[in-house]
file target_18.cif (mmCIF, C-alpha atoms)
data_start
loop_
_atom_site.label_atom_id
_atom_site.label_comp_id
_atom_site.auth_asym_id
_atom_site.auth_seq_id
_atom_site.Cartn_x
_atom_site.Cartn_y
_atom_site.Cartn_z
CA MET A 1 106.93 125.94 197.19
CA ARG A 2 109.32 127.25 199.85
CA ILE A 3 111.78 129.86 198.67
CA PRO A 4 115.26 129.52 200.22
CA ILE A 5 116.66 132.42 202.24
CA LEU A 6 120.46 132.56 202.42
CA LYS A 7 122.52 134.33 205.07
CA LEU A 8 125.62 136.23 204.00
CA ASN A 9 127.42 137.92 206.91
CA ASP A 10 124.87 140.35 208.34
CA MET A 11 122.49 140.24 205.39
CA LEU A 12 119.95 137.87 203.93
CA LEU A 13 119.73 136.97 200.26
CA VAL A 14 116.59 135.80 198.52
CA SER A 15 116.47 134.97 194.84
CA ILE A 16 113.07 133.95 193.54
CA GLN A 17 113.63 131.21 190.96
CA VAL A 18 110.18 129.66 190.87
CA VAL A 19 106.81 130.62 189.44
CA LEU A 20 105.48 132.73 192.28
CA ASP A 21 101.98 131.76 193.27
CA ASP A 22 100.07 133.57 196.01
CA GLN A 23 100.78 131.03 198.75
CA SER A 24 104.52 130.92 198.02
CA ALA A 25 104.64 134.72 198.18
CA LEU A 26 102.81 134.82 201.52
CA MET A 27 104.99 132.04 202.89
CA LEU A 28 108.13 133.90 201.82
CA LYS A 29 106.89 136.99 203.66
CA GLU A 30 106.51 135.08 206.93
CA ASP A 31 109.71 133.06 206.48
CA LEU A 32 111.72 136.20 205.77
CA LEU A 33 110.43 138.09 208.82
CA GLN A 34 111.12 135.05 210.98
CA LYS A 35 114.64 134.73 209.55
CA ILE A 36 115.33 138.43 210.20
CA HIS A 37 114.22 137.89 213.80
CA VAL A 38 116.35 134.78 214.31
CA THR A 39 119.54 136.01 212.60
CA GLY A 40 119.33 139.69 213.54
CA ALA A 41 120.17 140.56 209.94
CA GLY A 42 120.30 144.29 209.23
CA GLY A 43 119.42 144.02 205.57
CA VAL A 44 117.83 141.89 202.87
CA VAL A 45 118.44 141.73 199.14
CA LEU A 46 115.45 140.37 197.27
CA ASP A 47 116.41 139.45 193.72
CA LEU A 48 113.55 139.30 191.22
CA THR A 49 115.61 138.72 188.05
CA SER A 50 113.82 135.46 187.24
CA LEU A 51 110.35 136.78 187.99
CA ASP A 52 108.53 137.25 184.67
CA ILE A 53 105.34 138.78 186.06
CA ILE A 54 104.34 140.86 189.08
CA ASP A 55 100.61 141.41 189.37
CA SER A 56 98.84 143.63 191.90
CA PHE A 57 98.64 140.86 194.50
CA ILE A 58 102.34 140.00 194.36
CA ALA A 59 103.16 143.72 194.36
CA LYS A 60 101.11 144.17 197.53
CA VAL A 61 102.84 141.23 199.23
CA LEU A 62 106.26 142.60 198.23
CA GLY A 63 105.39 146.09 199.50
CA ASP A 64 104.05 144.68 202.78
CA MET A 65 107.15 142.52 203.16
CA VAL A 66 109.41 145.56 202.83
CA SER A 67 107.36 147.66 205.29
CA MET A 68 107.23 144.85 207.84
CA ALA A 69 110.96 144.15 207.60
CA GLU A 70 111.66 147.85 208.07
CA LEU A 71 109.38 147.93 211.09
CA MET A 72 111.64 145.26 212.55
CA GLY A 73 114.73 147.31 211.75
CA ALA A 74 115.98 145.60 208.58
CA LYS A 75 116.38 147.36 205.25
CA VAL A 76 115.29 145.67 202.03
CA VAL A 77 116.63 146.25 198.54
CA ILE A 78 114.75 144.77 195.57
CA THR A 79 116.93 143.98 192.57
CA GLY A 80 116.67 142.79 188.99
CA ILE A 81 113.14 143.87 187.99
CA GLN A 82 112.95 143.17 184.24
CA PRO A 83 112.10 145.99 181.78
CA ALA A 84 108.79 144.42 180.71
CA VAL A 85 107.80 143.89 184.35
CA ALA A 86 108.62 147.54 185.22
CA ILE A 87 106.54 148.80 182.26
CA THR A 88 103.59 146.58 183.17
CA LEU A 89 103.69 147.50 186.88
CA ILE A 90 103.55 151.24 186.17
CA GLU A 91 100.79 150.82 183.56
CA LEU A 92 98.88 148.70 186.04
CA GLY A 93 99.06 151.71 188.37
CA ILE A 94 101.55 150.34 190.89
CA SER A 95 104.68 152.33 191.72
CA LEU A 96 106.06 150.66 194.89
CA PRO A 97 107.04 153.98 196.48
CA ASN A 98 109.70 154.16 199.21
CA ILE A 99 111.26 150.90 198.13
CA MET A 100 115.01 150.76 197.54
CA THR A 101 115.85 149.11 194.25
CA ALA A 102 119.00 148.32 192.30
CA LEU A 103 119.74 147.01 188.82
CA ASP A 104 121.28 143.73 189.88
CA LEU A 105 122.30 141.65 192.88
CA GLU A 106 125.81 143.12 193.01
CA LYS A 107 124.59 146.74 193.05
CA GLY A 108 121.88 145.75 195.53
CA ILE A 109 124.40 144.38 198.01
CA GLU A 110 126.49 147.53 197.62
CA LEU A 111 123.48 149.80 198.16
CA LEU A 112 122.44 147.82 201.21
CA ARG A 113 125.96 147.93 202.71
CA ASN A 114 125.97 151.72 202.36
CA ALA A 115 122.43 152.11 203.72
CA VAL A 116 123.12 149.90 206.74
CA ILE A 117 126.50 151.54 207.46
CA ASP A 118 124.97 155.03 207.11
CA ASP A 119 122.44 154.01 209.70
CA GLU A 120 124.99 152.88 212.28
CA MET B 121 89.65 130.56 164.92
CA MET B 122 92.42 128.61 166.58
CA ASN B 123 94.19 128.27 169.88
CA LYS B 124 91.15 128.73 172.11
CA ASP B 125 91.65 127.60 175.66
CA THR B 126 89.55 127.80 178.77
CA VAL B 127 90.86 127.53 182.30
CA HIS B 128 88.36 126.95 185.07
CA ILE B 129 89.20 129.13 188.06
CA GLN B 130 88.33 127.66 191.41
CA HIS B 131 91.54 127.28 193.35
CA GLU B 132 94.30 129.80 193.82
CA LEU B 133 96.73 127.75 191.72
CA ASP B 134 94.33 127.99 188.75
CA ILE B 135 95.39 131.65 188.53
CA VAL B 136 98.95 130.53 187.77
CA GLN B 137 97.66 128.04 185.22
CA ALA B 138 95.57 130.71 183.46
CA ARG B 139 98.49 133.07 183.14
CA GLN B 140 100.78 130.29 181.87
CA LYS B 141 98.19 129.50 179.20
CA GLY B 142 98.05 133.19 178.31
CA ARG B 143 101.80 133.40 178.06
CA GLU B 144 101.85 130.34 175.79
CA ILE B 145 99.16 131.65 173.43
CA SER B 146 100.51 135.21 173.26
CA LYS B 147 103.94 133.78 172.42
CA LYS B 148 102.35 131.69 169.63
CA ILE B 149 100.68 134.80 168.20
CA ALA B 150 104.17 136.37 168.25
CA PHE B 151 103.52 139.24 170.68
CA GLY B 152 106.72 140.97 171.86
CA THR B 153 108.11 140.45 175.36
CA VAL B 154 106.47 143.54 176.87
CA ASP B 155 103.04 142.72 175.43
CA GLN B 156 103.38 139.12 176.63
CA VAL B 157 103.89 140.42 180.17
CA ARG B 158 100.99 142.91 179.79
CA ILE B 159 98.65 140.13 178.61
CA THR B 160 99.80 137.66 181.26
CA THR B 161 99.41 140.26 184.00
CA ALA B 162 95.92 141.20 182.79
CA ILE B 163 94.92 137.52 182.89
CA SER B 164 96.31 137.22 186.40
CA GLU B 165 94.24 140.20 187.60
CA LEU B 166 91.04 138.91 185.98
CA ALA B 167 91.55 135.36 187.27
CA ARG B 168 92.23 136.64 190.77
CA ASN B 169 89.07 138.74 190.72
CA ILE B 170 87.05 135.62 189.85
CA TYR B 171 88.73 133.67 192.66
CA LEU B 172 88.32 136.47 195.21
CA TYR B 173 84.84 137.75 194.47
CA ALA B 174 82.93 135.01 192.65
CA GLY B 175 84.63 131.89 194.02
CA SER B 176 84.71 130.26 190.61
CA GLY B 177 84.40 131.04 186.92
CA ASP B 178 86.19 130.67 183.60
CA ILE B 179 89.02 132.43 181.83
CA SER B 180 89.02 131.88 178.06
CA ILE B 181 91.93 132.90 175.91
CA GLU B 182 91.72 132.89 172.13
CA GLU B 183 93.41 134.14 169.04
CA ILE B 184 91.18 136.49 167.04
CA HIS B 185 91.31 138.07 163.58
CA ASP B 186 89.84 141.27 162.21
CA GLY B 187 90.73 141.80 158.56
CA ASN B 188 94.46 141.34 158.56
CA LYS B 189 94.76 142.30 162.20
CA LYS B 190 95.60 139.56 164.67
CA GLY B 191 95.00 139.69 168.38
CA ILE B 192 94.29 137.91 171.63
CA LYS B 193 90.95 137.97 173.41
CA ILE B 194 90.60 137.23 177.10
CA SER B 195 87.15 136.55 178.52
CA ALA B 196 86.52 136.31 182.23
CA VAL B 197 83.06 134.98 183.04
CA ASP B 198 81.56 134.15 186.41
CA GLN B 199 78.19 133.61 188.03
CA GLY B 200 79.22 135.45 191.18
CA PRO B 201 77.54 138.29 193.08
CA GLY B 202 77.98 140.80 190.25
CA ILE B 203 79.06 144.42 190.57
CA ALA B 204 76.58 147.01 191.82
CA ASP B 205 78.50 150.08 190.71
CA ILE B 206 80.66 149.42 187.66
CA ARG B 207 81.98 152.99 187.62
CA LYS B 208 83.50 152.42 191.06
CA VAL B 209 85.49 149.31 190.05
CA LEU B 210 86.93 151.28 187.14
CA GLU B 211 88.37 153.81 189.59
CA ASP B 212 92.01 153.47 190.60
CA GLY B 213 92.45 152.50 194.22
CA TYR B 214 88.92 151.20 194.81
CA SER B 215 88.94 147.84 196.54
CA THR B 216 86.58 145.90 198.79
CA SER B 217 89.15 143.21 199.55
CA GLY B 218 92.06 145.18 201.01
CA GLY B 219 93.95 144.91 197.73
CA LEU B 220 95.58 147.73 195.82
CA GLY B 221 92.47 148.42 193.74
CA ALA B 222 94.62 148.33 190.62
CA GLY B 223 93.06 145.26 189.02
CA VAL B 224 90.19 146.33 186.74
CA PRO B 225 91.43 149.83 185.78
CA GLY B 226 94.90 148.34 185.35
CA VAL B 227 93.64 145.66 182.97
CA LYS B 228 91.90 148.36 180.96
CA ARG B 229 95.20 150.23 180.59
CA LEU B 230 97.24 147.14 179.76
CA MET B 231 94.91 145.98 176.97
CA ASP B 232 93.56 147.76 173.84
CA ASP B 233 89.82 147.02 174.04
CA PHE B 234 87.91 146.44 177.23
CA SER B 235 84.29 145.79 178.10
CA ILE B 236 82.50 144.83 181.28
CA ASP B 237 79.01 143.54 181.76
CA SER B 238 77.62 142.74 185.17
CA ALA B 239 74.31 142.14 186.88
CA VAL B 240 73.87 141.93 190.64
CA GLY B 241 73.10 138.37 191.68
CA LYS B 242 73.83 137.02 188.20
CA GLY B 243 77.50 137.47 187.54
CA THR B 244 80.14 139.37 185.63
CA ALA B 245 81.63 139.09 182.16
CA ILE B 246 84.76 141.00 181.22
CA THR B 247 86.33 140.95 177.78
CA ALA B 248 89.76 142.39 177.02
CA VAL B 249 91.56 142.39 173.66
CA LYS B 250 95.14 143.17 172.70
CA TRP B 251 96.02 143.63 169.02
CA LEU B 252 99.32 142.65 167.49
CA LYS B 253 100.94 145.81 166.11
#
call {"tool": "encode", "arguments": {"input": "target_18.cif", "output": "structure tokens"}}
result
Amino acid sequence: MRIPILKLNDMLLVSIQVVLDDQSALMLKEDLLQKIHVTGAGGVVLDLTSLDIIDSFIAKVLGDMVSMAELMGAKVVITGIQPAVAITLIELGISLPNIMTALDLEKGIELLRNAVIDDE
Amino acid sequence: MMNKDTVHIQHELDIVQARQKGREISKKIAFGTVDQVRITTAISELARNIYLYAGSGDISIEEIHDGNKKGIKISAVDQGPGIADIRKVLEDGYSTSGGLGAGVPGVKRLMDDFSIDSAVGKGTAITAVKWLK
């Protein structure tokens, strides 16, 4: 299933509302990088509020997606990771270092605005 | 014994089906939200290992009882290549597939009881149990 990527001024918004299987995650990674390239967006907010599980594969795809976007010059903020998902990720041994996160979409957009402005 | 379900893992989407089954059964047993995510994540890791390394196999999920304790047992069985060095796969960060190497040691941490049995050329059987507290 294709996950929609929305453009809001100079940033992209992605909210994952579907059960994330491996192929959808990989497709999102490619779609997002392509969209960054086409729109010249300086930042991305990736909202995971509806995601009820992140296993090691999805975590790797998310981490790769952030690194690749940053390589292109776009900053990514991940928002809305649920308490149970955070507990499970750390117990699983995954810490997603160097990734900007925020509690919710609103705070994520704010954080991204500041990070992108700081950079300019 | 009730609520036993087996999901045959052969395609990538079977991983999603196995974890949905696990979510359903752990909810029925009345595990809390965090344990439901732990159990579902463990199933996802085990199912993915079958898909990645053995090609196909089975994930069985069942409700178990021990005295007045209630729990969930996950069995992952395949007839794949087997594991030559079990100690290595229990190490954090060890991977032969370019993954994070969090799978097997992670499952061990997420669940209460864990056992692994493997023979090269014959296959692998992993059992993991979580007890309702």
call {"tool": "residues_around", "arguments": {"input": "target_18.cif", "residues": "range 59-72 of chain A", "least_positions_apart": "5", "cutoff": "7 Å", "atoms": "all atoms listed in the file", "output": "number ranges by chain"}}
result
A: 25-26, 29, 33, 54, 96; B: 220
call {"tool": "write_last_selection", "arguments": {"input": "target_18.cif", "atoms": "C-alpha atoms", "output": "PDB file, in the coordinates of the input"}}
result
ATOM      1  CA  ALA A  25     104.640 134.720 198.180  1.00  0.00           C
ATOM      2  CA  LEU A  26     102.810 134.820 201.520  1.00  0.00           C
ATOM      3  CA  LYS A  29     106.890 136.990 203.660  1.00  0.00           C
ATOM      4  CA  LEU A  33     110.430 138.090 208.820  1.00  0.00           C
ATOM      5  CA  ILE A  54     104.340 140.860 189.080  1.00  0.00           C
ATOM      6  CA  LEU A  96     106.060 150.660 194.890  1.00  0.00           C
TER       7      LEU A  96
ATOM      8  CA  LEU B 220      95.580 147.730 195.820  1.00  0.00           C
TER       9      LEU B 220
END
call {"tool": "resolve_selection", "arguments": {"input": "target_18.cif", "expression": "the PyMOL selection byres ((chain B) within 10 of (chain A))", "output": "MDAnalysis selection string"}}
result
chainID B and resid 132:137 139:140 152:165 168 212:213 218:230
call {"tool": "resolve_selection", "arguments": {"input": "target_18.cif", "expression": "the PyMOL selection byres ((chain A and resi 32) around 10)", "output": "CSV table (one decimal) with C-alpha atoms, keeping the file's coordinate frame"}}
result
chain,number,residue,atom,x,y,z
A,3,ILE,CA,111.8,129.9,198.7
A,4,PRO,CA,115.3,129.5,200.2
A,5,ILE,CA,116.7,132.4,202.2
A,12,LEU,CA,120.0,137.9,203.9
A,13,LEU,CA,119.7,137.0,200.3
A,14,VAL,CA,116.6,135.8,198.5
A,26,LEU,CA,102.8,134.8,201.5
A,27,MET,CA,105.0,132.0,202.9
A,28,LEU,CA,108.1,133.9,201.8
A,29,LYS,CA,106.9,137.0,203.7
A,30,GLU,CA,106.5,135.1,206.9
A,31,ASP,CA,109.7,133.1,206.5
A,33,LEU,CA,110.4,138.1,208.8
A,34,GLN,CA,111.1,135.0,211.0
A,35,LYS,CA,114.6,134.7,209.6
A,36,ILE,CA,115.3,138.4,210.2
A,37,HIS,CA,114.2,137.9,213.8
A,38,VAL,CA,116.4,134.8,214.3
A,44,VAL,CA,117.8,141.9,202.9
A,65,MET,CA,107.2,142.5,203.2
A,68,MET,CA,107.2,144.8,207.8
A,69,ALA,CA,111.0,144.2,207.6
call {"tool": "residues_around", "arguments": {"input": "target_18.cif", "residues": "Val45 in chain A", "least_positions_apart": "5", "cutoff": "9 Å", "atoms": "only C-alpha atoms", "output": "list of chain:residue names"}}
result
A:Met11, A:Leu12, A:Leu13, A:Val14, A:Ser15, A:Lys75, A:Val76, A:Val77, A:Ile78, A:Thr79, A:Leu105, A:Gly108, A:Ile109, A:Leu112
call {"tool": "resolve_selection", "arguments": {"input": "target_18.cif", "expression": "the PyMOL selection byres ((chain B and resi 180) around 9)", "output": "ChimeraX atom specification"}}
result
/B:124-128,138,178-179,181-182,193-197
call {"tool": "write_last_selection", "arguments": {"input": "target_18.cif", "atoms": "C-alpha atoms", "output": "mmCIF file, in the coordinates of the input"}}
result
data_model
loop_
_atom_site.group_PDB
_atom_site.id
_atom_site.type_symbol
_atom_site.label_atom_id
_atom_site.label_comp_id
_atom_site.auth_asym_id
_atom_site.auth_seq_id
_atom_site.Cartn_x
_atom_site.Cartn_y
_atom_site.Cartn_z
ATOM 1 C CA LYS B 124 91.150 128.730 172.110
ATOM 2 C CA ASP B 125 91.650 127.600 175.660
ATOM 3 C CA THR B 126 89.550 127.800 178.770
ATOM 4 C CA VAL B 127 90.860 127.530 182.300
ATOM 5 C CA HIS B 128 88.360 126.950 185.070
ATOM 6 C CA ALA B 138 95.570 130.710 183.460
ATOM 7 C CA ASP B 178 86.190 130.670 183.600
ATOM 8 C CA ILE B 179 89.020 132.430 181.830
ATOM 9 C CA ILE B 181 91.930 132.900 175.910
ATOM 10 C CA GLU B 182 91.720 132.890 172.130
ATOM 11 C CA LYS B 193 90.950 137.970 173.410
ATOM 12 C CA ILE B 194 90.600 137.230 177.100
ATOM 13 C CA SER B 195 87.150 136.550 178.520
ATOM 14 C CA ALA B 196 86.520 136.310 182.230
ATOM 15 C CA VAL B 197 83.060 134.980 183.040
#
call {"tool": "atom_distance", "arguments": {"input": "target_18.cif", "atom1": "CA of Asn188 in chain B", "atom2": "CA of Ala167 in chain B"}}
result
29.5 Å
call {"tool": "residues_near_point", "arguments": {"input": "target_18.cif", "point": "(93.1, 137.0, 162.7)", "cutoff": "10 Å", "atoms": "all atoms listed in the file", "output": "JSON, numbers by chain"}}
result
{"B": [121, 122, 149, 183, 184, 185, 186, 187, 188, 189, 190, 191, 192, 251, 252]}
call {"tool": "closest_residue", "arguments": {"input": "target_18.cif", "among": "B:Ile236, B:Ala248, B:Ile129, B:Ile206", "to": "Ser176 in chain B", "atoms": "all atoms listed in the file"}}
result
B:Ile129
call {"tool": "atom_distance", "arguments": {"input": "target_18.cif", "atom1": "CA of Thr101 in chain A", "atom2": "CA of Val116 in chain A"}}
result
14.5 Å
call {"tool": "atom_distance", "arguments": {"input": "target_18.cif", "atom1": "CA of Val249 in chain B", "atom2": "CA of Tyr173 in chain B"}}
result
22.4 Å
